[in-house]
$ cat start-v4.cif   # mmCIF, C-alpha atoms
data_entry
#
loop_
_atom_site.group_PDB
_atom_site.id
_atom_site.type_symbol
_atom_site.label_atom_id
_atom_site.label_comp_id
_atom_site.auth_asym_id
_atom_site.auth_seq_id
_atom_site.Cartn_x
_atom_site.Cartn_y
_atom_site.Cartn_z
ATOM 1 C CA MET A 1 128.536 90.465 91.165
ATOM 2 C CA GLU A 2 130.634 91.779 88.282
ATOM 3 C CA LEU A 3 130.427 95.565 88.173
ATOM 4 C CA PRO A 4 129.829 97.729 86.244
ATOM 5 C CA CYS A 5 126.761 96.078 84.762
ATOM 6 C CA LEU A 6 123.433 97.128 83.254
ATOM 7 C CA ALA A 7 120.079 97.167 85.056
ATOM 8 C CA PHE A 8 116.724 97.201 83.307
ATOM 9 C CA HIS A 9 114.256 98.678 85.765
ATOM 10 C CA GLN A 10 110.555 97.886 85.639
ATOM 11 C CA CYS A 11 109.132 100.601 87.879
ATOM 12 C CA GLY A 12 107.886 99.281 91.224
ATOM 13 C CA ARG A 13 108.228 95.658 90.109
ATOM 14 C CA SER A 14 111.698 94.255 89.456
ATOM 15 C CA THR A 15 115.209 95.231 88.371
ATOM 16 C CA PRO A 16 117.047 92.453 86.505
ATOM 17 C CA PHE A 17 120.801 92.858 85.924
ATOM 18 C CA PHE A 18 122.760 92.015 82.781
ATOM 19 C CA SER A 19 126.367 91.903 81.656
ATOM 20 C CA ALA A 20 126.968 94.914 79.400
ATOM 21 C CA THR A 21 129.110 93.010 76.910
ATOM 22 C CA GLU A 22 127.863 89.416 77.094
ATOM 23 C CA GLN A 23 124.197 90.432 77.550
ATOM 24 C CA LYS A 24 123.717 87.555 79.984
ATOM 25 C CA ARG A 25 121.458 87.783 83.009
ATOM 26 C CA ILE A 26 123.417 88.263 86.221
ATOM 27 C CA ILE A 27 122.032 86.630 89.350
ATOM 28 C CA PRO A 28 123.124 88.733 92.346
ATOM 29 C CA ALA A 29 124.408 86.997 95.432
ATOM 30 C CA GLY A 30 122.427 87.186 98.653
ATOM 31 C CA ASN A 31 118.951 88.723 98.741
ATOM 32 C CA MET A 32 119.518 91.660 96.381
ATOM 33 C CA ASP A 33 116.623 90.643 94.108
ATOM 34 C CA GLU A 34 114.305 90.471 97.087
ATOM 35 C CA ILE A 35 115.455 93.839 98.446
ATOM 36 C CA LEU A 36 114.859 95.663 95.142
ATOM 37 C CA THR A 37 111.587 93.912 94.210
ATOM 38 C CA GLY A 38 108.665 96.329 94.505
ATOM 39 C CA LYS A 39 110.993 99.325 94.687
ATOM 40 C CA VAL A 40 111.448 102.373 92.472
ATOM 41 C CA VAL A 41 115.194 102.646 91.864
ATOM 42 C CA CYS A 42 117.495 105.504 90.835
ATOM 43 C CA PRO A 43 121.235 104.951 90.346
ATOM 44 C CA THR A 44 124.072 107.194 91.521
ATOM 45 C CA ALA A 45 127.476 107.734 89.901
ATOM 46 C CA GLN A 46 129.127 106.379 93.073
ATOM 47 C CA GLY A 47 127.478 102.963 92.731
ATOM 48 C CA HIS A 48 124.828 103.267 95.438
ATOM 49 C CA LEU A 49 121.188 102.863 94.421
ATOM 50 C CA LEU A 50 118.427 105.079 95.796
ATOM 51 C CA ALA A 51 115.413 102.833 96.373
ATOM 52 C CA ARG A 52 111.894 103.602 97.589
ATOM 53 C CA ASP A 53 109.245 101.058 98.474
ATOM 54 C CA ALA A 54 106.309 101.645 96.131
ATOM 55 C CA MET A 55 103.832 100.690 98.883
ATOM 56 C CA THR A 56 105.261 102.211 102.080
ATOM 57 C CA SER A 57 107.508 105.042 100.698
ATOM 58 C CA ALA A 58 110.369 103.739 102.853
ATOM 59 C CA THR A 59 113.538 105.139 101.235
ATOM 60 C CA PHE A 60 117.153 104.000 101.494
ATOM 61 C CA LEU A 61 120.531 103.902 99.757
ATOM 62 C CA TYR A 62 121.605 100.392 98.796
ATOM 63 C CA ASN A 63 125.186 99.256 98.191
ATOM 64 C CA PRO A 64 125.127 96.421 95.621
ATOM 65 C CA ARG A 65 128.703 95.544 96.461
ATOM 66 C CA ASN A 66 128.047 94.343 100.006
ATOM 67 C CA GLY A 67 124.298 94.690 100.608
ATOM 68 C CA ASP A 68 124.612 97.546 103.117
ATOM 69 C CA THR A 69 121.708 99.985 103.389
ATOM 70 C CA ILE A 70 121.553 103.582 104.623
ATOM 71 C CA HIS A 71 118.023 104.576 105.605
ATOM 72 C CA LEU A 72 116.739 107.993 104.540
ATOM 73 C CA PRO A 73 113.584 109.973 105.370
ATOM 74 C CA PRO A 74 110.631 108.629 103.340
ATOM 75 C CA LEU A 75 110.201 110.386 100.007
ATOM 76 C CA ILE A 76 106.482 111.083 100.237
ATOM 77 C CA ARG A 77 106.179 114.109 97.939
ATOM 78 C CA VAL A 78 107.483 112.388 94.809
ATOM 79 C CA GLN A 79 105.272 110.180 92.672
ATOM 80 C CA ASP A 80 106.654 106.929 91.280
ATOM 81 C CA ALA A 81 106.413 108.186 87.687
ATOM 82 C CA VAL A 82 108.454 111.249 88.678
ATOM 83 C CA LEU A 83 110.991 109.354 90.764
ATOM 84 C CA VAL A 84 111.815 106.872 88.010
ATOM 85 C CA ASP A 85 112.681 109.779 85.689
ATOM 86 C CA SER A 86 114.793 111.573 88.304
ATOM 87 C CA HIS A 87 118.538 111.770 88.760
ATOM 88 C CA CYS A 88 120.137 111.059 92.145
ATOM 89 C CA LEU A 89 123.542 112.456 93.123
ATOM 90 C CA LEU A 90 125.755 112.190 96.207
ATOM 91 C CA SER A 91 128.169 114.898 97.296
ATOM 92 C CA GLY A 92 130.586 112.235 98.552
ATOM 93 C CA ASP A 93 130.683 109.046 100.621
ATOM 94 C CA PRO A 94 127.113 108.601 101.901
ATOM 95 C CA ALA A 95 128.395 107.284 105.225
ATOM 96 C CA ALA A 96 130.431 110.457 105.828
ATOM 97 C CA PRO A 97 129.005 113.281 107.966
ATOM 98 C CA GLY A 98 127.499 116.082 105.902
ATOM 99 C CA CYS A 99 127.002 114.029 102.733
ATOM 100 C CA VAL A 100 124.139 115.440 100.656
ATOM 101 C CA VAL A 101 121.763 113.197 98.742
ATOM 102 C CA LEU A 102 120.358 115.249 95.876
ATOM 103 C CA LEU A 103 117.381 114.225 93.776
ATOM 104 C CA VAL A 104 116.685 116.170 90.579
ATOM 105 C CA GLU A 105 113.508 115.828 88.513
ATOM 106 C CA PRO A 106 114.374 117.132 85.040
ATOM 107 C CA GLU A 107 110.942 117.973 83.664
ATOM 108 C CA ASP A 108 109.704 120.134 86.537
ATOM 109 C CA THR A 109 113.275 121.195 87.438
ATOM 110 C CA SER A 110 112.627 120.469 91.099
ATOM 111 C CA ILE A 111 115.385 119.637 93.571
ATOM 112 C CA TRP A 112 114.986 117.624 96.739
ATOM 113 C CA HIS A 113 117.937 117.381 99.075
ATOM 114 C CA ILE A 114 117.905 114.756 101.766
ATOM 115 C CA LEU A 115 120.189 115.137 104.761
ATOM 116 C CA ASP A 116 120.111 113.051 107.926
ATOM 117 C CA VAL A 117 116.536 113.851 108.974
ATOM 118 C CA GLU A 118 115.179 116.498 106.662
ATOM 119 C CA GLU A 119 113.789 116.923 103.194
ATOM 120 C CA ASP A 120 113.444 120.262 101.430
ATOM 121 C CA LEU A 121 112.129 121.272 98.030
ATOM 122 C CA TYR A 122 113.586 123.940 95.766
ATOM 123 C CA ASP A 123 112.517 125.176 92.338
ATOM 124 C CA LYS A 124 115.024 126.764 90.000
ATOM 125 C CA ASP A 125 115.551 127.307 86.326
ATOM 126 C CA VAL A 126 116.619 124.371 84.199
ATOM 127 C CA ILE A 127 119.331 122.511 86.086
ATOM 128 C CA CYS A 128 119.880 119.437 83.934
ATOM 129 C CA PRO A 129 122.281 118.000 83.101
ATOM 130 C CA ILE A 130 123.916 117.971 86.524
ATOM 131 C CA ALA A 131 126.905 116.203 88.108
ATOM 132 C CA SER A 132 128.642 116.024 91.472
ATOM 133 C CA CYS A 133 132.308 117.046 91.477
ATOM 134 C CA GLN A 134 134.544 117.671 94.494
ATOM 135 C CA GLY A 135 131.629 118.165 96.870
ATOM 136 C CA LYS A 136 129.744 120.615 94.629
ATOM 137 C CA PHE A 137 126.945 120.095 92.115
ATOM 138 C CA TYR A 138 127.498 121.573 88.646
ATOM 139 C CA PHE A 139 124.716 122.017 86.123
ATOM 140 C CA ASN A 140 124.255 123.496 82.671
ATOM 141 C CA SER A 141 122.475 126.817 82.957
ATOM 142 C CA PHE A 142 122.774 129.012 79.892
ATOM 143 C CA SER A 143 125.207 128.536 77.021
ATOM 144 C CA THR A 144 127.634 131.006 78.584
ATOM 145 C CA GLU A 145 127.243 129.964 82.221
ATOM 146 C CA LEU A 146 127.894 126.944 84.399
ATOM 147 C CA GLY A 147 125.697 126.696 87.470
ATOM 148 C CA VAL A 148 127.060 125.669 90.876
ATOM 149 C CA LEU A 149 125.006 124.379 93.815
ATOM 150 C CA GLU A 150 126.606 124.073 97.247
ATOM 151 C CA PHE A 151 125.257 122.974 100.619
ATOM 152 C CA SER A 152 127.707 124.614 103.006
ATOM 153 C CA PRO A 153 125.790 125.960 104.784
ATOM 154 C CA GLY A 154 123.552 126.126 101.698
ATOM 155 C CA PRO A 155 121.782 125.571 99.596
ATOM 156 C CA VAL A 156 123.541 128.334 97.649
ATOM 157 C CA PHE A 157 123.360 128.811 93.881
ATOM 158 C CA SER A 158 126.092 130.611 91.955
ATOM 159 C CA PHE A 159 127.216 130.811 88.340
ATOM 160 C CA ILE A 160 130.550 130.683 86.516
ATOM 161 C CA GLU A 161 130.705 132.760 83.350
ATOM 162 C CA ILE A 162 132.132 130.613 80.552
ATOM 163 C CA ASP A 163 134.340 131.922 77.751
ATOM 164 C CA ASN A 164 132.608 130.382 74.755
ATOM 165 C CA THR A 165 134.916 131.837 72.120
ATOM 166 C CA ILE A 166 135.706 129.112 69.614
ATOM 167 C CA ALA A 167 139.429 128.606 68.996
ATOM 168 C CA ALA A 168 140.639 128.416 65.409
ATOM 169 C CA ASP A 169 141.622 124.778 65.964
ATOM 170 C CA ARG A 170 138.342 124.163 67.853
ATOM 171 C CA SER A 171 140.310 123.003 70.895
ATOM 172 C CA TYR A 172 137.899 124.923 73.111
ATOM 173 C CA GLY A 173 134.527 126.579 72.888
ATOM 174 C CA PHE A 174 131.450 125.184 71.194
ATOM 175 C CA SER A 175 128.544 126.526 69.184
ATOM 176 C CA LYS A 176 124.822 125.757 69.310
ATOM 177 C CA GLU A 177 125.328 123.564 66.266
ATOM 178 C CA ASP A 178 127.691 121.402 68.304
ATOM 179 C CA ASN A 179 125.227 120.464 71.006
ATOM 180 C CA ARG A 180 121.669 120.834 69.671
ATOM 181 C CA PRO A 181 119.520 118.914 69.131
ATOM 182 C CA GLY A 182 120.592 115.966 71.203
ATOM 183 C CA ASP A 183 121.553 114.995 74.710
ATOM 184 C CA VAL A 184 124.137 116.604 76.972
ATOM 185 C CA HIS A 185 125.544 114.835 80.038
ATOM 186 C CA LEU A 186 127.947 116.105 82.689
ATOM 187 C CA VAL A 187 130.364 113.509 84.065
ATOM 188 C CA GLU A 188 132.828 113.645 86.951
ATOM 189 C CA SER A 189 136.020 111.680 86.343
ATOM 190 C CA ASP A 190 139.106 111.669 88.602
ATOM 191 C CA GLY A 191 138.046 114.981 90.167
ATOM 192 C CA GLU A 192 137.476 116.722 86.823
ATOM 193 C CA LEU A 193 134.245 117.776 85.141
ATOM 194 C CA PHE A 194 133.444 116.679 81.589
ATOM 195 C CA MET A 195 130.584 117.363 79.194
ATOM 196 C CA VAL A 196 129.450 114.708 76.701
ATOM 197 C CA THR A 197 127.329 115.869 73.760
ATOM 198 C CA LEU A 198 125.392 113.431 71.591
ATOM 199 C CA CYS A 199 123.954 115.178 68.542
ATOM 200 C CA ALA A 200 120.893 113.528 67.030
ATOM 201 C CA ASN A 201 118.323 114.058 64.312
ATOM 202 C CA THR A 202 115.002 115.613 65.271
ATOM 203 C CA ARG A 203 113.510 112.232 66.217
ATOM 204 C CA ARG A 204 116.618 111.364 68.228
ATOM 205 C CA ASP A 205 116.722 107.907 66.672
ATOM 206 C CA LYS A 206 120.126 108.450 65.016
ATOM 207 C CA ILE A 207 123.278 109.909 66.585
ATOM 208 C CA TYR A 208 125.362 111.565 63.886
ATOM 209 C CA ARG A 209 127.973 113.414 65.940
ATOM 210 C CA ALA A 210 129.416 113.208 69.445
ATOM 211 C CA SER A 211 132.035 115.094 71.431
ATOM 212 C CA VAL A 212 133.574 115.309 74.891
ATOM 213 C CA HIS A 213 134.806 118.532 76.538
ATOM 214 C CA ARG A 214 136.656 119.043 79.827
ATOM 215 C CA MET A 215 136.004 122.080 81.990
ATOM 216 C CA ASP A 216 139.112 124.231 82.424
ATOM 217 C CA PHE A 217 138.156 126.096 85.602
ATOM 218 C CA THR A 218 141.289 128.275 85.442
ATOM 219 C CA GLU A 219 140.451 129.627 81.988
ATOM 220 C CA ARG A 220 136.685 129.138 82.356
ATOM 221 C CA ARG A 221 136.508 127.241 79.082
ATOM 222 C CA TRP A 222 135.202 123.908 77.826
ATOM 223 C CA ARG A 223 138.226 122.239 76.186
ATOM 224 C CA LYS A 224 137.660 119.464 73.671
ATOM 225 C CA VAL A 225 139.407 116.187 74.496
ATOM 226 C CA LYS A 226 140.611 113.505 72.103
ATOM 227 C CA ASP A 227 140.685 110.671 74.633
ATOM 228 C CA LEU A 228 139.454 109.842 78.137
ATOM 229 C CA GLY A 229 142.812 108.911 79.612
ATOM 230 C CA GLY A 230 141.982 105.236 79.283
ATOM 231 C CA ARG A 231 138.739 105.588 81.210
ATOM 232 C CA VAL A 232 135.144 104.831 80.233
ATOM 233 C CA PHE A 233 132.098 107.094 80.529
ATOM 234 C CA LEU A 234 128.758 105.388 81.196
ATOM 235 C CA LEU A 235 125.562 107.298 80.390
ATOM 236 C CA SER A 236 121.858 106.626 80.551
ATOM 237 C CA LEU A 237 118.696 108.648 80.062
ATOM 238 C CA PHE A 238 117.557 111.163 82.674
ATOM 239 C CA TYR A 239 121.069 112.649 82.728
ATOM 240 C CA PHE A 240 122.945 109.881 84.509
ATOM 241 C CA GLY A 241 126.694 110.047 83.871
ATOM 242 C CA ALA A 242 129.531 108.145 85.538
ATOM 243 C CA SER A 243 133.160 107.205 84.972
ATOM 244 C CA CYS A 244 135.137 104.031 85.606
ATOM 245 C CA ALA A 245 138.390 102.355 84.580
ATOM 246 C CA GLY A 246 138.493 101.056 81.006
ATOM 247 C CA GLY A 247 139.522 97.628 79.818
ATOM 248 C CA GLU A 248 137.504 95.733 82.435
ATOM 249 C CA LEU A 249 134.615 93.347 81.726
ATOM 250 C CA GLY A 250 134.918 94.049 78.008
ATOM 251 C CA LEU A 251 134.371 97.815 78.260
ATOM 252 C CA GLU A 252 136.734 99.498 75.800
ATOM 253 C CA LYS A 253 139.045 102.284 76.951
ATOM 254 C CA ASP A 254 138.358 105.867 75.848
ATOM 255 C CA CYS A 255 134.759 105.035 74.968
ATOM 256 C CA VAL A 256 131.402 106.531 75.929
ATOM 257 C CA TYR A 257 128.547 104.060 76.421
ATOM 258 C CA MET A 258 124.910 105.201 76.329
ATOM 259 C CA VAL A 259 122.033 102.798 76.993
ATOM 260 C CA TYR A 260 118.644 103.136 75.288
ATOM 261 C CA PRO A 261 116.217 100.747 77.073
ATOM 262 C CA VAL A 262 113.172 101.249 74.825
ATOM 263 C CA ARG A 263 115.215 100.616 71.683
ATOM 264 C CA LYS A 264 117.129 97.836 73.485
ATOM 265 C CA ALA A 265 120.372 99.248 72.171
ATOM 266 C CA LEU A 266 123.761 100.427 73.402
ATOM 267 C CA LEU A 267 125.569 103.331 71.740
ATOM 268 C CA VAL A 268 129.371 103.180 71.771
ATOM 269 C CA PHE A 269 131.308 106.361 70.971
ATOM 270 C CA ASN A 270 135.060 105.815 70.650
ATOM 271 C CA VAL A 271 136.538 109.217 71.501
ATOM 272 C CA LYS A 272 140.001 108.386 70.141
ATOM 273 C CA GLU A 273 138.783 106.985 66.836
ATOM 274 C CA GLY A 274 135.792 109.297 66.484
ATOM 275 C CA THR A 275 133.522 106.365 65.613
ATOM 276 C CA ILE A 276 129.888 105.908 66.677
ATOM 277 C CA GLU A 277 128.267 102.482 66.762
ATOM 278 C CA MET A 278 124.796 101.353 67.836
ATOM 279 C CA ARG A 279 124.747 97.799 69.197
ATOM 280 C CA ALA A 280 121.402 96.033 69.583
ATOM 281 C CA PHE A 281 120.756 93.907 72.668
ATOM 282 C CA ASP A 282 119.588 90.352 72.181
ATOM 283 C CA GLY A 283 116.117 89.076 72.970
ATOM 284 C CA GLU A 284 116.883 88.215 76.604
ATOM 285 C CA VAL A 285 117.010 91.892 77.625
ATOM 286 C CA PRO A 286 113.483 92.896 78.741
ATOM 287 C CA ALA A 287 111.458 95.956 77.851
ATOM 288 C CA SER A 288 111.820 98.387 80.718
ATOM 289 C CA ASP A 289 110.915 101.831 82.037
ATOM 290 C CA LYS A 290 114.537 102.712 82.656
ATOM 291 C CA GLY A 291 117.942 101.311 81.794
ATOM 292 C CA PHE A 292 120.936 102.349 83.876
ATOM 293 C CA TRP A 293 124.438 101.408 84.996
ATOM 294 C CA VAL A 294 125.394 99.904 88.327
ATOM 295 C CA LEU A 295 128.967 100.675 89.303
ATOM 296 C CA PRO A 296 131.279 99.442 92.044
ATOM 297 C CA THR A 297 131.251 101.558 95.175
ATOM 298 C CA ASN A 298 134.357 102.548 97.091
ATOM 299 C CA PRO A 299 135.671 99.920 99.523
#
$ encode --input "start-v4.cif" --output "structure tokens"
Amino acid sequence: MELPCLAFHQCGRSTPFFSATEQKRIIPAGNMDEILTGKVVCPTAQGHLLARDAMTSATFLYNPRNGDTIHLPPLIRVQDAVLVDSHCLLSGDPAAPGCVVLLVEPEDTSIWHILDVEEDLYDKDVICPIASCQGKFYFNSFSTELGVLEFSPGPVFSFIEIDNTIAADRSYGFSKEDNRPGDVHLVESDGELFMVTLCANTRRDKIYRASVHRMDFTERRWRKVKDLGGRVFLLSLFYFGASCAGGELGLEKDCVYMVYPVRKALLVFNVKEGTIEMRAFDGEVPASDKGFWVLPTNP
């Protein structure tokens, strides 16, 4: 199957896959359709899919690249309607010892972490958006702080105070006007942490400004970037953010792609050119509860 691609998830029923650029239905090899039918699915930035059987609560990580599954403890305390709106993150390779599977529900700001045989629940202040970077989980806390969640031995919360002073050339720092209202996503790319801001009108049906900042951990500043180093950022609702190489499968370099399943549209923000375009999907794309990206996993 050509990856990355788009998935349009119909909660607890089916998850059809489509080419992001050609908008053609992709038929996965093997029994992938059968495995995901009747499941509630959450994507991860590393390509694995967290899936739970809507009837039995059996929970597992699924690798769309080769069909491998990693079984997890059943998620029995999370309702389907909550799970479909949640964000799943991995601290690293899920097959490696000590890998943490983190599930974040943005509305109730609850965190479940799933290790080999245990499941624990934590409640904190607002922790979305959130991203995994170099074995740690970073989340937006307050405008002048960046939250950090670690699981060694953990879970341990800490905060990095951010210098939000705005430079005269606006190369770093940002104001409330820059990121509200709208959507903010954190994205890990090549070991670095980025923040994508999509500024919208009050109804959020029109994006009128967008920006990308990179976290400078040495200076504790968000620095504005003018390109993505040839890479592509892939976003979807419920704070999913991932990065992949640009120029493949028709995905343009230095662009941010955001999928809106209800509107059946794809936003394309060209960071280099500063342009924002909304591209409508054709009639073959179904109405869905959730649209997300499926990425290639590591070999």
$ closest_atom_pairs --input "start-v4.cif" --of "region 175-243 of chain A" --to "region 253-268 of chain A" --cutoff "9 Å" --atoms "only C-alpha atoms" --output "tab-separated table"
residue	atom	partner	partner_atom	distance
A:Val196	CA	A:Val256	CA	8.4
A:Asp205	CA	A:Arg263	CA	9.0
A:Ile207	CA	A:Leu267	CA	8.7
A:Lys226	CA	A:Asp254	CA	8.8
A:Asp227	CA	A:Asp254	CA	5.5
A:Leu228	CA	A:Asp254	CA	4.7
A:Gly229	CA	A:Asp254	CA	6.6
A:Gly230	CA	A:Lys253	CA	4.8
A:Arg231	CA	A:Asp254	CA	5.4
A:Val232	CA	A:Cys255	CA	5.3
A:Phe233	CA	A:Val256	CA	4.7
A:Leu234	CA	A:Tyr257	CA	5.0
A:Leu235	CA	A:Met258	CA	4.6
A:Ser236	CA	A:Val259	CA	5.2
A:Leu237	CA	A:Tyr260	CA	7.3
$ closest_residue --input "start-v4.cif" --among "A:Arg77, A:His71, A:His113, A:His87" --to "Ala131 (chain A)" --atoms "only C-alpha atoms"
A:His87
$ resolve_selection --input "start-v4.cif" --expression "the PyMOL selection byres ((chain A and resi 156) around 12)" --output "short mmCIF file (atom, residue, chain, number, x, y, z; two decimals) with C-alpha atoms, in the coordinates of the input"
data_model
loop_
_atom_site.label_atom_id
_atom_site.label_comp_id
_atom_site.auth_asym_id
_atom_site.auth_seq_id
_atom_site.Cartn_x
_atom_site.Cartn_y
_atom_site.Cartn_z
CA TYR A 122 113.59 123.94 95.77
CA LYS A 124 115.02 126.76 90.00
CA LYS A 136 129.74 120.62 94.63
CA PHE A 137 126.94 120.10 92.12
CA TYR A 138 127.50 121.57 88.65
CA GLY A 147 125.70 126.70 87.47
CA VAL A 148 127.06 125.67 90.88
CA LEU A 149 125.01 124.38 93.82
CA GLU A 150 126.61 124.07 97.25
CA PHE A 151 125.26 122.97 100.62
CA SER A 152 127.71 124.61 103.01
CA PRO A 153 125.79 125.96 104.78
CA GLY A 154 123.55 126.13 101.70
CA PRO A 155 121.78 125.57 99.60
CA PHE A 157 123.36 128.81 93.88
CA SER A 158 126.09 130.61 91.96
CA PHE A 159 127.22 130.81 88.34
#
$ resolve_selection --input "start-v4.cif" --expression "the PyMOL selection byres ((chain A and resi 96-102) around 10)" --output "list in words"
Thr44, Leu50, Leu61, Leu72, His87, Cys88, Leu89, Leu90, Ser91, Gly92, Asp93, Pro94, Ala95, Leu103, Val104, Ile111, Trp112, His113, Ile114, Leu115, Asp116, Glu119, Ser132, Gly135, Lys136, Phe137, Glu150, Phe151 and Ser152 of chain A
$ resolve_selection --input "start-v4.cif" --expression "the PyMOL selection byres ((chain A and resi 221) around 12)" --output "PyMOL selection string"
chain A and resi 143-146+160-167+170-174+193-195+213-220+222-224
$ residues_near_point --input "start-v4.cif" --point "(133.9, 113.7, 66.7)" --cutoff "10 Å" --atoms "only C-alpha atoms" --output "number ranges by chain"
A: 197-198, 208-212, 224-226, 269-276
$ atom_distance --input "start-v4.cif" --atom1 "CA of Phe18 (chain A)" --atom2 "CA of Glu34 (chain A)"
16.7 Å
$ closest_residue --input "start-v4.cif" --among "A:Pro296, A:Pro74, A:Pro43, A:Pro4" --to "Gly247 (chain A)" --atoms "all atoms listed in the file"
A:Pro4
$ atom_distance --input "start-v4.cif" --atom1 "CA of Arg25 (chain A)" --atom2 "CA of Gly38 (chain A)"
19.2 Å
$ closest_residue --input "start-v4.cif" --among "A:Ile70, A:Ala20, A:Cys11, A:Met278" --to "Glu252 (chain A)" --atoms "all atoms listed in the file"
A:Ala20
$ build_atoms --input "start-v4.cif" --residues "region 268-287 of chain A" --atoms "N, CA and C atoms" --output "PDB file, keeping the file's coordinate frame"
ATOM      1  N   VAL A 268     127.959 103.158  71.395  1.00  0.00           N
ATOM      2  CA  VAL A 268     129.371 103.180  71.771  1.00  0.00           C
ATOM      3  C   VAL A 268     130.070 104.253  70.943  1.00  0.00           C
ATOM      4  N   PHE A 269     130.569 105.277  71.620  1.00  0.00           N
ATOM      5  CA  PHE A 269     131.308 106.361  70.971  1.00  0.00           C
ATOM      6  C   PHE A 269     132.766 106.238  71.366  1.00  0.00           C
ATOM      7  N   ASN A 270     133.626 105.914  70.406  1.00  0.00           N
ATOM      8  CA  ASN A 270     135.060 105.815  70.650  1.00  0.00           C
ATOM      9  C   ASN A 270     135.664 107.201  70.459  1.00  0.00           C
ATOM     10  N   VAL A 271     136.070 107.833  71.547  1.00  0.00           N
ATOM     11  CA  VAL A 271     136.538 109.217  71.501  1.00  0.00           C
ATOM     12  C   VAL A 271     137.830 109.317  70.701  1.00  0.00           C
ATOM     13  N   LYS A 272     138.724 108.357  70.865  1.00  0.00           N
ATOM     14  CA  LYS A 272     140.001 108.386  70.141  1.00  0.00           C
ATOM     15  C   LYS A 272     139.802 108.234  68.638  1.00  0.00           C
ATOM     16  N   GLU A 273     138.974 107.282  68.259  1.00  0.00           N
ATOM     17  CA  GLU A 273     138.783 106.985  66.836  1.00  0.00           C
ATOM     18  C   GLU A 273     137.722 107.877  66.196  1.00  0.00           C
ATOM     19  N   GLY A 274     136.860 108.469  67.017  1.00  0.00           N
ATOM     20  CA  GLY A 274     135.792 109.297  66.484  1.00  0.00           C
ATOM     21  C   GLY A 274     134.649 108.509  65.867  1.00  0.00           C
ATOM     22  N   THR A 275     134.552 107.218  66.203  1.00  0.00           N
ATOM     23  CA  THR A 275     133.522 106.365  65.613  1.00  0.00           C
ATOM     24  C   THR A 275     132.310 106.264  66.541  1.00  0.00           C
ATOM     25  N   ILE A 276     131.142 106.073  65.938  1.00  0.00           N
ATOM     26  CA  ILE A 276     129.888 105.908  66.677  1.00  0.00           C
ATOM     27  C   ILE A 276     129.214 104.640  66.188  1.00  0.00           C
ATOM     28  N   GLU A 277     128.877 103.756  67.116  1.00  0.00           N
ATOM     29  CA  GLU A 277     128.267 102.482  66.762  1.00  0.00           C
ATOM     30  C   GLU A 277     127.067 102.225  67.654  1.00  0.00           C
ATOM     31  N   MET A 278     125.969 101.724  67.072  1.00  0.00           N
ATOM     32  CA  MET A 278     124.796 101.353  67.836  1.00  0.00           C
ATOM     33  C   MET A 278     124.708  99.828  67.855  1.00  0.00           C
ATOM     34  N   ARG A 279     124.770  99.243  69.052  1.00  0.00           N
ATOM     35  CA  ARG A 279     124.747  97.799  69.197  1.00  0.00           C
ATOM     36  C   ARG A 279     123.411  97.370  69.803  1.00  0.00           C
ATOM     37  N   ALA A 280     122.700  96.502  69.108  1.00  0.00           N
ATOM     38  CA  ALA A 280     121.402  96.033  69.583  1.00  0.00           C
ATOM     39  C   ALA A 280     121.589  94.940  70.631  1.00  0.00           C
ATOM     40  N   PHE A 281     120.757  94.975  71.682  1.00  0.00           N
ATOM     41  CA  PHE A 281     120.756  93.907  72.668  1.00  0.00           C
ATOM     42  C   PHE A 281     120.013  92.702  72.100  1.00  0.00           C
ATOM     43  N   ASP A 282     120.303  91.534  72.650  1.00  0.00           N
ATOM     44  CA  ASP A 282     119.588  90.352  72.181  1.00  0.00           C
ATOM     45  C   ASP A 282     118.219  90.260  72.862  1.00  0.00           C
ATOM     46  N   GLY A 283     117.490  89.203  72.520  1.00  0.00           N
ATOM     47  CA  GLY A 283     116.117  89.076  72.970  1.00  0.00           C
ATOM     48  C   GLY A 283     115.941  88.847  74.454  1.00  0.00           C
ATOM     49  N   GLU A 284     117.021  88.490  75.170  1.00  0.00           N
ATOM     50  CA  GLU A 284     116.883  88.215  76.604  1.00  0.00           C
ATOM     51  C   GLU A 284     116.679  89.489  77.420  1.00  0.00           C
ATOM     52  N   VAL A 285     117.160  90.625  76.917  1.00  0.00           N
ATOM     53  CA  VAL A 285     117.010  91.892  77.625  1.00  0.00           C
ATOM     54  C   VAL A 285     115.543  92.318  77.576  1.00  0.00           C
ATOM     55  N   PRO A 286     114.919  92.603  78.726  1.00  0.00           N
ATOM     56  CA  PRO A 286     113.483  92.896  78.741  1.00  0.00           C
ATOM     57  C   PRO A 286     113.180  94.342  78.377  1.00  0.00           C
ATOM     58  N   ALA A 287     111.933  94.580  77.967  1.00  0.00           N
ATOM     59  CA  ALA A 287     111.458  95.956  77.851  1.00  0.00           C
ATOM     60  C   ALA A 287     111.389  96.541  79.250  1.00  0.00           C
TER      61      ALA A 287
END
